[in-house]
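*Asks:* You'll find final.txt just under this line, and it carries compact mmCIF, C-alpha atoms.
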# COMPACT_ATOMS: atom_id res chain seq x y z
CA MET A 30 57.43 -135.44 113.64
CA GLU A 31 57.04 -139.01 112.45
CA GLY A 32 60.78 -139.25 111.76
CA ASN A 33 61.62 -137.87 115.21
CA ILE A 34 59.59 -140.57 116.93
CA GLU A 35 61.36 -143.24 114.85
CA VAL A 36 64.77 -141.86 115.85
CA LEU A 37 63.69 -141.69 119.49
CA LYS A 38 62.49 -145.29 119.39
CA GLY A 39 65.83 -146.37 117.99
CA ALA A 40 67.69 -144.48 120.71
CA ILE A 41 65.57 -146.00 123.49
CA ALA A 42 66.11 -149.46 122.02
CA LEU A 43 69.86 -148.80 122.03
CA ILE A 44 69.76 -147.80 125.71
CA GLY A 45 67.71 -150.91 126.46
CA TYR A 46 70.26 -153.12 124.76
CA GLY A 47 73.05 -151.41 126.68
CA LEU A 48 71.28 -152.10 129.98
CA ALA A 49 70.65 -155.70 128.95
CA ALA A 50 74.35 -156.17 128.31
CA VAL A 51 75.50 -155.01 131.77
CA GLY A 52 74.36 -158.00 133.81
CA PRO A 53 75.57 -160.75 131.47
CA GLY A 54 78.88 -158.91 131.08
CA VAL A 55 79.48 -159.07 134.82
CA GLY A 56 78.17 -162.64 134.90
CA ILE A 57 80.47 -163.93 132.15
CA GLY A 58 83.39 -162.23 133.91
CA ILE A 59 82.60 -164.09 137.12
CA VAL A 60 82.16 -167.43 135.30
CA VAL A 61 85.42 -167.19 133.35
CA GLY A 62 87.37 -165.76 136.29
CA ASN A 63 86.35 -168.61 138.58
CA ALA A 64 87.03 -171.15 135.83
CA ILE A 65 90.57 -169.78 135.46
CA THR A 66 91.10 -169.98 139.22
CA ALA A 67 89.86 -173.57 139.23
CA MET A 68 92.08 -174.52 136.29
CA ALA A 69 95.11 -172.95 137.96
CA ARG A 70 94.46 -174.89 141.15
CA GLN A 71 93.71 -178.21 139.48
CA PRO A 72 95.20 -178.31 135.98
CA GLU A 73 94.28 -182.00 135.62
CA MET A 74 90.58 -181.04 135.72
CA ALA A 75 90.97 -178.43 132.97
CA GLY A 76 88.93 -180.35 130.38
CA THR A 77 85.85 -180.74 132.56
CA ILE A 78 86.11 -177.19 133.83
CA ARG A 79 86.34 -175.82 130.30
CA THR A 80 83.17 -177.66 129.24
CA THR A 81 81.30 -176.44 132.29
CA MET A 82 82.64 -172.91 131.70
CA PHE A 83 81.23 -172.88 128.15
CA LEU A 84 77.89 -174.08 129.51
CA GLY A 85 77.88 -171.29 132.09
CA ILE A 86 78.81 -168.71 129.46
CA ALA A 87 76.07 -169.97 127.15
CA PHE A 88 73.39 -169.69 129.83
CA THR A 89 74.55 -166.24 130.94
CA GLU A 90 74.95 -164.91 127.43
CA ALA A 91 71.36 -165.75 126.51
CA LEU A 92 70.04 -162.69 128.37
CA ALA A 93 72.32 -160.32 126.49
CA LEU A 94 71.33 -161.91 123.18
CA ILE A 95 67.63 -161.59 123.95
CA GLY A 96 68.30 -157.89 124.55
CA PHE A 97 70.07 -157.75 121.19
CA VAL A 98 67.11 -159.34 119.41
CA LEU A 99 64.65 -156.99 121.13
CA PHE A 100 66.77 -154.09 119.86
CA PHE A 101 66.04 -155.22 116.32
CA ILE A 102 62.37 -155.90 116.96
CA ALA A 103 61.79 -152.49 118.59
CA MET B 67 76.21 -157.98 97.48
CA ASP B 68 73.21 -156.24 95.96
CA GLN B 69 72.33 -154.98 99.40
CA LEU B 70 75.83 -153.60 99.85
CA ILE B 71 75.61 -151.74 96.55
CA LEU B 72 72.19 -150.45 97.56
CA ALA B 73 73.60 -149.18 100.87
CA SER B 74 76.54 -147.52 99.15
CA GLU B 75 74.24 -145.71 96.73
CA GLU B 76 72.18 -144.34 99.59
CA CYS B 77 75.26 -143.25 101.50
CA ASP B 78 76.28 -139.62 101.09
CA VAL B 79 80.03 -139.98 101.58
CA VAL B 80 80.71 -136.31 100.91
CA ASN B 81 78.88 -134.97 103.96
CA GLU B 82 78.51 -137.81 106.45
CA VAL B 83 81.35 -139.54 108.24
CA ILE B 84 79.27 -142.46 109.50
CA CYS B 85 77.11 -144.26 106.98
CA ALA B 86 74.10 -146.15 108.20
CA PRO B 87 71.65 -147.86 105.88
CA ALA B 88 68.15 -146.43 106.10
CA ASP B 89 66.78 -149.67 107.49
CA VAL B 90 68.83 -152.50 108.95
CA LYS B 91 66.33 -155.03 107.66
CA GLU B 92 67.47 -154.27 104.13
CA LEU B 93 70.72 -156.00 104.92
CA PHE B 94 68.99 -159.23 105.82
CA GLU B 95 66.05 -159.75 103.56
CA PHE B 96 66.69 -161.92 100.57
CA THR B 97 63.13 -162.42 99.43
CA ASP B 98 63.83 -162.48 95.70
CA VAL B 99 63.31 -165.97 94.35
CA ILE B 100 66.20 -167.13 92.18
CA PHE B 101 64.39 -170.08 90.59
CA SER B 102 61.35 -172.12 91.46
CA ILE B 103 60.18 -175.70 91.07
CA GLY B 104 56.39 -175.70 91.01
CA PRO B 105 55.11 -173.79 94.05
CA LEU B 106 58.50 -173.95 95.82
CA GLY B 107 60.57 -170.82 95.39
CA PHE B 108 64.32 -171.13 95.97
CA THR B 109 65.88 -168.10 97.59
CA ARG B 110 69.58 -167.69 98.27
CA THR B 111 69.17 -168.98 101.82
CA ILE B 112 67.52 -172.20 100.68
CA ILE B 113 70.17 -172.84 98.05
CA LEU B 114 72.89 -172.35 100.68
CA PHE B 115 70.90 -174.59 103.03
CA PHE B 116 71.05 -177.46 100.54
CA LEU B 117 74.67 -176.64 99.78
CA ALA B 118 75.50 -176.98 103.49
CA ALA B 119 73.77 -180.36 103.60
CA PHE B 120 75.69 -181.56 100.54
CA VAL B 121 78.97 -180.28 102.01
CA VAL B 122 78.36 -182.24 105.22
CA VAL B 123 77.48 -185.43 103.32
CA GLY B 124 80.46 -184.92 101.02
CA LEU B 125 82.86 -184.36 103.93
CA LEU B 126 81.69 -187.54 105.64
CA TYR B 127 81.73 -189.57 102.41
CA PHE B 128 85.16 -188.55 101.22
CA GLY B 129 86.63 -188.54 104.73
CA LEU B 130 85.50 -192.04 105.64
CA ARG B 131 85.36 -193.69 102.21
CA LYS B 132 88.57 -195.67 102.51
CA GLN B 133 89.18 -197.12 105.95
CA ARG B 134 92.91 -197.73 106.09
CA MET B 135 95.33 -198.54 108.86
CA VAL B 136 96.92 -195.12 108.43
CA PRO B 137 94.17 -192.70 107.29
CA SER B 138 94.86 -189.79 104.99
CA LYS B 139 95.28 -186.31 106.46
CA PHE B 140 91.74 -185.36 105.48
CA GLY B 141 90.43 -188.58 107.00
CA VAL B 142 92.21 -187.81 110.27
CA VAL B 143 90.48 -184.41 110.50
CA ILE B 144 87.02 -185.91 109.90
CA GLU B 145 87.67 -188.78 112.30
CA SER B 146 88.86 -186.45 115.03
CA LEU B 147 85.72 -184.30 114.55
CA LEU B 148 83.52 -187.38 114.91
CA ASP B 149 85.54 -188.58 117.89
CA PHE B 150 85.19 -185.14 119.49
CA VAL B 151 81.39 -185.29 119.27
CA LYS B 152 81.27 -188.93 120.39
CA ASN B 153 83.63 -188.75 123.36
CA GLY B 154 83.84 -185.04 124.11
CA ILE B 155 80.11 -184.34 124.03
CA ALA B 156 77.97 -187.50 124.03
CA LYS B 157 79.96 -189.69 126.45
CA ASP B 158 81.08 -186.85 128.73
CA ILE B 159 77.67 -185.23 129.12
CA ILE B 160 75.07 -187.99 128.69
CA GLY B 161 77.16 -190.93 129.90
CA PRO B 162 77.09 -194.52 128.60
CA GLU B 163 73.56 -194.09 127.17
CA GLY B 164 74.96 -191.26 125.04
CA ALA B 165 75.92 -193.66 122.24
CA ARG B 166 72.30 -193.69 121.05
CA TYR B 167 72.32 -189.94 120.47
CA VAL B 168 75.71 -189.70 118.73
CA PRO B 169 74.23 -189.68 115.17
CA TYR B 170 71.87 -186.82 115.96
CA LEU B 171 74.53 -184.79 117.77
CA THR B 172 77.05 -185.36 114.97
CA ALA B 173 74.52 -184.32 112.34
CA ILE B 174 73.56 -181.04 114.01
CA PHE B 175 77.17 -180.26 114.94
CA LEU B 176 78.47 -180.65 111.39
CA PHE B 177 75.48 -178.92 109.79
CA ILE B 178 75.65 -175.90 112.09
CA LEU B 179 79.43 -175.77 111.76
CA VAL B 180 79.26 -175.66 107.97
CA GLY B 181 76.32 -173.25 108.03
CA ASN B 182 78.15 -170.92 110.40
CA LEU B 183 81.41 -171.07 108.48
CA PHE B 184 79.58 -169.87 105.37
CA GLU B 185 79.78 -166.49 107.12
CA VAL B 186 83.53 -166.33 106.61
CA THR B 187 83.69 -168.27 103.34
CA PRO B 188 84.71 -165.90 100.55
CA LEU B 189 82.07 -165.39 97.83
CA ILE B 190 79.30 -166.77 100.07
CA ASN B 191 79.63 -164.56 103.16
CA PHE B 192 76.24 -165.41 104.52
CA PRO B 193 75.63 -167.64 107.55
CA ILE B 194 72.44 -169.61 106.92
CA THR B 195 71.93 -169.82 110.68
CA SER B 196 71.31 -166.06 110.74
CA ARG B 197 67.81 -166.76 109.40
CA MET B 198 65.56 -167.53 112.35
CA ALA B 199 63.82 -170.41 110.52
CA ILE B 200 66.89 -172.66 110.56
CA PRO B 201 68.04 -172.37 114.21
CA ALA B 202 64.36 -172.47 115.24
CA PHE B 203 63.81 -175.71 113.37
CA LEU B 204 66.95 -177.30 114.84
CA ALA B 205 65.91 -176.18 118.33
CA ILE B 206 62.43 -177.66 117.82
CA VAL B 207 63.98 -181.00 116.82
CA THR B 208 66.06 -181.01 120.01
CA TYR B 209 62.97 -180.00 122.00
CA VAL B 210 60.86 -182.83 120.58
CA ILE B 211 63.66 -185.34 121.27
CA PHE B 212 64.21 -184.37 124.90
CA VAL B 213 60.51 -184.07 125.70
CA PHE B 214 59.80 -187.49 124.12
CA ILE B 215 62.69 -189.09 126.01
CA GLY B 216 61.56 -187.43 129.23
CA PHE B 217 58.01 -188.76 128.93
CA GLY B 218 59.17 -192.10 127.53
CA LYS B 219 61.66 -192.85 130.31
CA ASN B 220 59.83 -191.31 133.26
CA LYS B 221 56.21 -191.54 132.10
CA PHE B 222 54.02 -188.84 133.61
CA ARG B 223 56.46 -188.21 136.48
CA PHE B 224 58.48 -186.05 134.07
CA LEU B 225 55.77 -183.39 134.15
CA LEU B 226 54.61 -184.02 137.73
CA ASP B 227 58.06 -183.82 139.35
CA THR B 228 58.83 -180.71 137.35
CA VAL B 229 55.73 -178.88 138.57
CA TRP B 230 55.86 -180.30 142.13
CA PRO B 231 59.54 -180.92 143.05
CA LYS B 232 59.74 -183.08 146.21
CA HIS B 233 63.21 -181.94 147.28
CA VAL B 234 62.15 -178.30 147.75
CA PRO B 235 60.59 -176.97 151.01
CA ILE B 236 56.80 -177.01 150.71
CA GLY B 237 56.34 -173.24 150.97
CA LEU B 238 58.45 -172.55 147.90
CA ARG B 239 57.45 -175.63 145.95
CA TRP B 240 54.83 -173.95 143.73
CA LEU B 241 57.23 -171.10 142.83
CA VAL B 242 60.15 -173.40 141.96
CA GLY B 243 57.75 -175.63 140.04
CA LEU B 244 56.45 -172.69 138.02
CA ILE B 245 59.96 -171.48 137.21
CA GLU B 246 61.07 -174.97 136.23
CA LEU B 247 58.00 -175.51 134.06
CA VAL B 248 58.50 -172.26 132.16
CA SER B 249 62.25 -172.74 131.87
CA ILE B 250 62.11 -176.35 130.64
CA PHE B 251 59.15 -176.22 128.28
CA LEU B 252 59.28 -172.64 127.00
CA LEU B 253 62.64 -170.98 127.58
CA ARG B 254 64.90 -173.90 126.64
CA PRO B 255 63.96 -174.14 122.94
CA PHE B 256 63.61 -170.37 122.68
CA THR B 257 67.05 -169.53 124.09
CA LEU B 258 68.65 -172.41 122.18
CA ALA B 259 67.43 -170.96 118.89
CA VAL B 260 67.95 -167.30 119.78
CA ARG B 261 71.51 -167.85 121.02
CA LEU B 262 72.68 -169.24 117.69
CA PHE B 263 70.59 -166.81 115.63
CA ALA B 264 71.64 -163.65 117.50
CA ASN B 265 75.32 -164.56 117.53
CA MET B 266 75.36 -165.12 113.79
CA VAL B 267 73.28 -162.00 113.05
CA ALA B 268 75.58 -159.89 115.22
CA GLY B 269 78.67 -161.27 113.51
CA HIS B 270 77.23 -160.88 110.03
CA LEU B 271 76.11 -157.33 110.78
CA MET B 272 79.49 -156.32 112.16
CA LEU B 273 81.35 -157.79 109.20
CA THR B 274 79.00 -156.19 106.69
CA LEU B 275 79.14 -152.76 108.32
CA LEU B 276 82.91 -152.67 108.93
CA LEU B 277 84.16 -154.23 105.69
CA GLY B 278 81.37 -152.55 103.74
CA SER B 279 82.10 -149.06 105.02
CA GLY B 280 85.81 -149.68 104.46
CA VAL B 281 85.19 -150.57 100.83
CA ILE B 282 82.71 -147.71 100.34
CA PHE B 283 85.07 -145.07 101.69
CA LEU B 284 88.15 -146.34 99.90
CA SER B 285 86.33 -146.63 96.59
CA ALA B 286 85.14 -143.03 96.98
CA PHE B 287 88.76 -141.80 97.01
CA PRO B 288 88.53 -139.81 93.73
CA GLU B 289 85.55 -137.81 95.01
CA ILE B 290 86.39 -137.05 98.62
CA GLY B 291 90.19 -137.15 98.56
CA LEU B 292 92.08 -137.75 101.80
CA LYS B 293 88.87 -138.19 103.80
CA ALA B 294 88.67 -141.62 102.16
CA LEU B 295 91.49 -142.77 104.48
CA VAL B 296 88.80 -143.13 107.19
CA GLY B 297 88.10 -146.41 105.42
CA ILE B 298 91.44 -147.94 106.40
CA PRO B 299 90.76 -148.32 110.16
CA TRP B 300 87.27 -149.60 109.35
CA PHE B 301 88.69 -152.21 107.02
CA ALA B 302 91.44 -153.21 109.50
CA LEU B 303 88.92 -153.56 112.31
CA GLY B 304 86.74 -155.62 109.96
CA LEU B 305 89.61 -158.02 109.29
CA GLY B 306 90.16 -158.43 113.05
CA ILE B 307 86.47 -159.19 113.56
CA TYR B 308 86.71 -161.64 110.63
CA LEU B 309 89.19 -163.78 112.57
CA PHE B 310 87.05 -163.47 115.69
CA GLU B 311 84.01 -164.65 113.74
CA ILE B 312 85.77 -167.89 112.75
CA VAL B 313 86.17 -168.65 116.47
CA VAL B 314 82.54 -167.66 117.17
CA SER B 315 81.25 -169.90 114.35
CA VAL B 316 83.01 -172.98 115.73
CA LEU B 317 82.12 -172.12 119.32
CA GLN B 318 78.42 -171.61 118.60
CA ALA B 319 78.19 -174.95 116.77
CA TYR B 320 79.87 -176.56 119.79
CA ILE B 321 77.59 -174.79 122.29
CA PHE B 322 74.41 -175.72 120.41
CA THR B 323 75.45 -179.38 120.36
CA LEU B 324 76.60 -179.24 123.99
CA LEU B 325 73.31 -177.75 125.17
CA SER B 326 71.32 -180.28 123.15
CA ALA B 327 73.31 -183.00 124.91
CA VAL B 328 72.73 -181.38 128.31
CA TYR B 329 68.97 -181.16 127.70
CA ILE B 330 68.82 -184.78 126.55
CA GLN B 331 70.87 -185.76 129.61
CA SER B 332 68.45 -183.98 131.93
CA SER B 333 65.63 -186.09 130.45
CA VAL B 334 67.57 -189.37 130.53
CA HIS B 335 68.68 -188.91 134.16
CA PHE B 336 65.65 -187.08 135.42
CA GLU B 337 66.21 -187.78 139.14
CA HIS B 338 69.16 -185.36 139.37
Taking this structure as input, can you express it in the form of structure tokens?

*Replies:*
Amino acid sequence: MEGNIEVLKGAIALIGYGLAAVGPGVGIGIVVGNAITAMARQPEMAGTIRTTMFLGIAFTEALALIGFVLFFIA
Amino acid sequence: MDQLILASEECDVVNEVICAPADVKELFEFTDVIFSIGPLGFTRTIILFFLAAFVVVGLLYFGLRKQRMVPSKFGVVIESLLDFVKNGIAKDIIGPEGARYVPYLTAIFLFILVGNLFEVTPLINFPITSRMAIPAFLAIVTYVIFVFIGFGKNKFRFLLDTVWPKHVPIGLRWLVGLIELVSIFLLRPFTLAVRLFANMVAGHLMLTLLLGSGVIFLSAFPEIGLKALVGIPWFALGLGIYLFEIVVSVLQAYIFTLLSAVYIQSSVHFEH
């Protein structure tokens, strides 16, 4: 019985991490997609856009990583 | 390596196709003290921590020792790294005042870079930044710096304008102020540390599991016969992830430095 609850907890944590990864996945897609569009339109701004893109990715990614950490804590 | 051997002993390769260690924490806990000076015990992480510091100092010393008109190839690499932090991060993000913060940004960039690259260094294979203590400490240093600059440059307005932003309609002001307060003073250092930590843990875990299960299956060839070939795709996938992890190591060092610069910038130029 004790073992079953442990397995169940692990499975629920896995589902939680999966849910936490959905939003940031979409978000990073939007960030990178728009950055590519911007770079294609104005190649001379590529350096600035790339820096800003990494910033956007870093902020978006944080949510997924918090989910990942919670998966280990759970 | 001991942990890997431990995991392979627990793994029943004859019956199970997927091997999972009984507890993931076993892969990460190096609590055994290797040697100790007085009350200070030196674990593997701490030794690697000092090694990373010495590597950074050594790189800078040997790279910049002889200033010549035409620098050596090694000197060019070090100089371009320093120039990248100075112009690519400090000047671009903070602006002309950024020159004051170049030493700090250079130090954390090189230290995190070396610490992260330990993950893919043969015979070490352990990123020191995958222990929460180290990214947490670096994040706290950044936190102290940007809070001190914020209060030093803007006096008490730094806190007041955060809680009660004048440019927001009055009905929403308390809500925006609350969100800003939590995000600046609590979430910033937390996410800064967790981002680096979780990326390195995830990479280390993937490498250990993929390469480890590849080695375990292939070395069990005499016992389980052709089933051992399952190890080949694991090992191949592990090598692919290995290359990916080199990119992640460099990128995470860059992002940590970049975000430190952005936070410092938001304190230096507080009036958006």

*Asks:* Select residues of chain A: the criterion is any atom within 12 Å of an atom of chain B, counting only C-alpha atoms; output as a PDB file with C-alpha atoms, in the frame of the given file.

*Replies:*
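Output (part-v8.pdb):
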ATOM      1  CA  GLY A  32      60.780-139.250 111.760  1.00  0.00           C
ATOM      2  CA  GLU A  35      61.360-143.240 114.850  1.00  0.00           C
ATOM      3  CA  VAL A  36      64.770-141.860 115.850  1.00  0.00           C
ATOM      4  CA  GLY A  39      65.830-146.370 117.990  1.00  0.00           C
ATOM      5  CA  GLY A  76      88.930-180.350 130.380  1.00  0.00           C
ATOM      6  CA  THR A  77      85.850-180.740 132.560  1.00  0.00           C
ATOM      7  CA  ARG A  79      86.340-175.820 130.300  1.00  0.00           C
ATOM      8  CA  THR A  80      83.170-177.660 129.240  1.00  0.00           C
ATOM      9  CA  THR A  81      81.300-176.440 132.290  1.00  0.00           C
ATOM     10  CA  MET A  82      82.640-172.910 131.700  1.00  0.00           C
ATOM     11  CA  PHE A  83      81.230-172.880 128.150  1.00  0.00           C
ATOM     12  CA  LEU A  84      77.890-174.080 129.510  1.00  0.00           C
ATOM     13  CA  GLY A  85      77.880-171.290 132.090  1.00  0.00           C
ATOM     14  CA  ILE A  86      78.810-168.710 129.460  1.00  0.00           C
ATOM     15  CA  ALA A  87      76.070-169.970 127.150  1.00  0.00           C
ATOM     16  CA  PHE A  88      73.390-169.690 129.830  1.00  0.00           C
ATOM     17  CA  THR A  89      74.550-166.240 130.940  1.00  0.00           C
ATOM     18  CA  GLU A  90      74.950-164.910 127.430  1.00  0.00           C
ATOM     19  CA  ALA A  91      71.360-165.750 126.510  1.00  0.00           C
ATOM     20  CA  LEU A  92      70.040-162.690 128.370  1.00  0.00           C
ATOM     21  CA  ALA A  93      72.320-160.320 126.490  1.00  0.00           C
ATOM     22  CA  LEU A  94      71.330-161.910 123.180  1.00  0.00           C
ATOM     23  CA  ILE A  95      67.630-161.590 123.950  1.00  0.00           C
ATOM     24  CA  GLY A  96      68.300-157.890 124.550  1.00  0.00           C
ATOM     25  CA  PHE A  97      70.070-157.750 121.190  1.00  0.00           C
ATOM     26  CA  VAL A  98      67.110-159.340 119.410  1.00  0.00           C
ATOM     27  CA  LEU A  99      64.650-156.990 121.130  1.00  0.00           C
ATOM     28  CA  PHE A 100      66.770-154.090 119.860  1.00  0.00           C
ATOM     29  CA  PHE A 101      66.040-155.220 116.320  1.00  0.00           C
ATOM     30  CA  ILE A 102      62.370-155.900 116.960  1.00  0.00           C
ATOM     31  CA  ALA A 103      61.790-152.490 118.590  1.00  0.00           C
TER      32      ALA A 103
END

*Asks:* Between CA of Val334 (chain B) and CA of Gly164 (chain B), what is the distance, to one decimal in Å?

*Replies:*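 Interatomic distance here is 9.4 Å.
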
*Asks:* Between CA of Ile211 (chain B) and CA of Leu171 (chain B), what is the distance in Å, rounded to a tenth?

*Replies:*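 Distance between the two atoms: 11.4 Å.
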
*Asks:* Can you list, as a list in words, every protein, DNA or RNA residue that comes within 7 Å of region 329-333 of chain B when you count all atoms listed in the file, leaving out same-chain residues fewer than 3 positions away?

*Replies:*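 Residues meeting the cut-off are Ile159, Ile160, Phe212, Ile215, Gly216, Leu325, Ser326 and Phe336 of chain B.
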
*Asks:* Between CA of Ile282 (chain B) and CA of Tyr308 (chain B), what is the distance, to one decimal in Å?

*Replies:* 17.8 Å

*Asks:* Find, counting all atoms listed in the file, the residue in B:Leu106, B:Met135, B:Ala118, B:Ile206 that gets nearest to Leu176 (chain B).

*Replies:*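 Closest residue, counting all atoms listed in the file: B:Ala118.
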
*Asks:* Step by step: start from the point (89.9, -177.0, 135.3) in the file's coordinates, keep every protein, DNA or RNA residue that has an atom no farther than 10 Å from it, count all atoms listed in the file, and write the set as a ChimeraX atom specification.

*Replies:* /A:63-82

*Asks:* Go through B:Ile298, B:Ile178, B:Leu273, B:Leu305 one by one, measure the shortest atom-to-atom distance of each to Ser285 (chain B) using only C-alpha atoms, and give the residue with the smallest value.

*Replies:*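 With only C-alpha atoms as the atom set, the closest residue is B:Ile298.
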
*Asks:* So which residues touch Ala165 (chain B) within 8 Å, counting all atoms listed in the file, skipping near sequence neighbours fewer than 6 positions away, as a list in words?

*Replies:* Lys152, Ala156 and Lys157 of chain B

*Asks:* Given the point (73.8, -179.0, 101.9) in the file's coordinates, find the residues that have an atom at most 12 Å from it, counting all atoms listed in the file, and give them as JSON, numbers by chain.

*Replies:* {"B": [111, 112, 113, 114, 115, 116, 117, 118, 119, 120, 121, 122, 123, 124, 125, 173, 176, 177, 178, 179, 180, 181, 184, 194]}
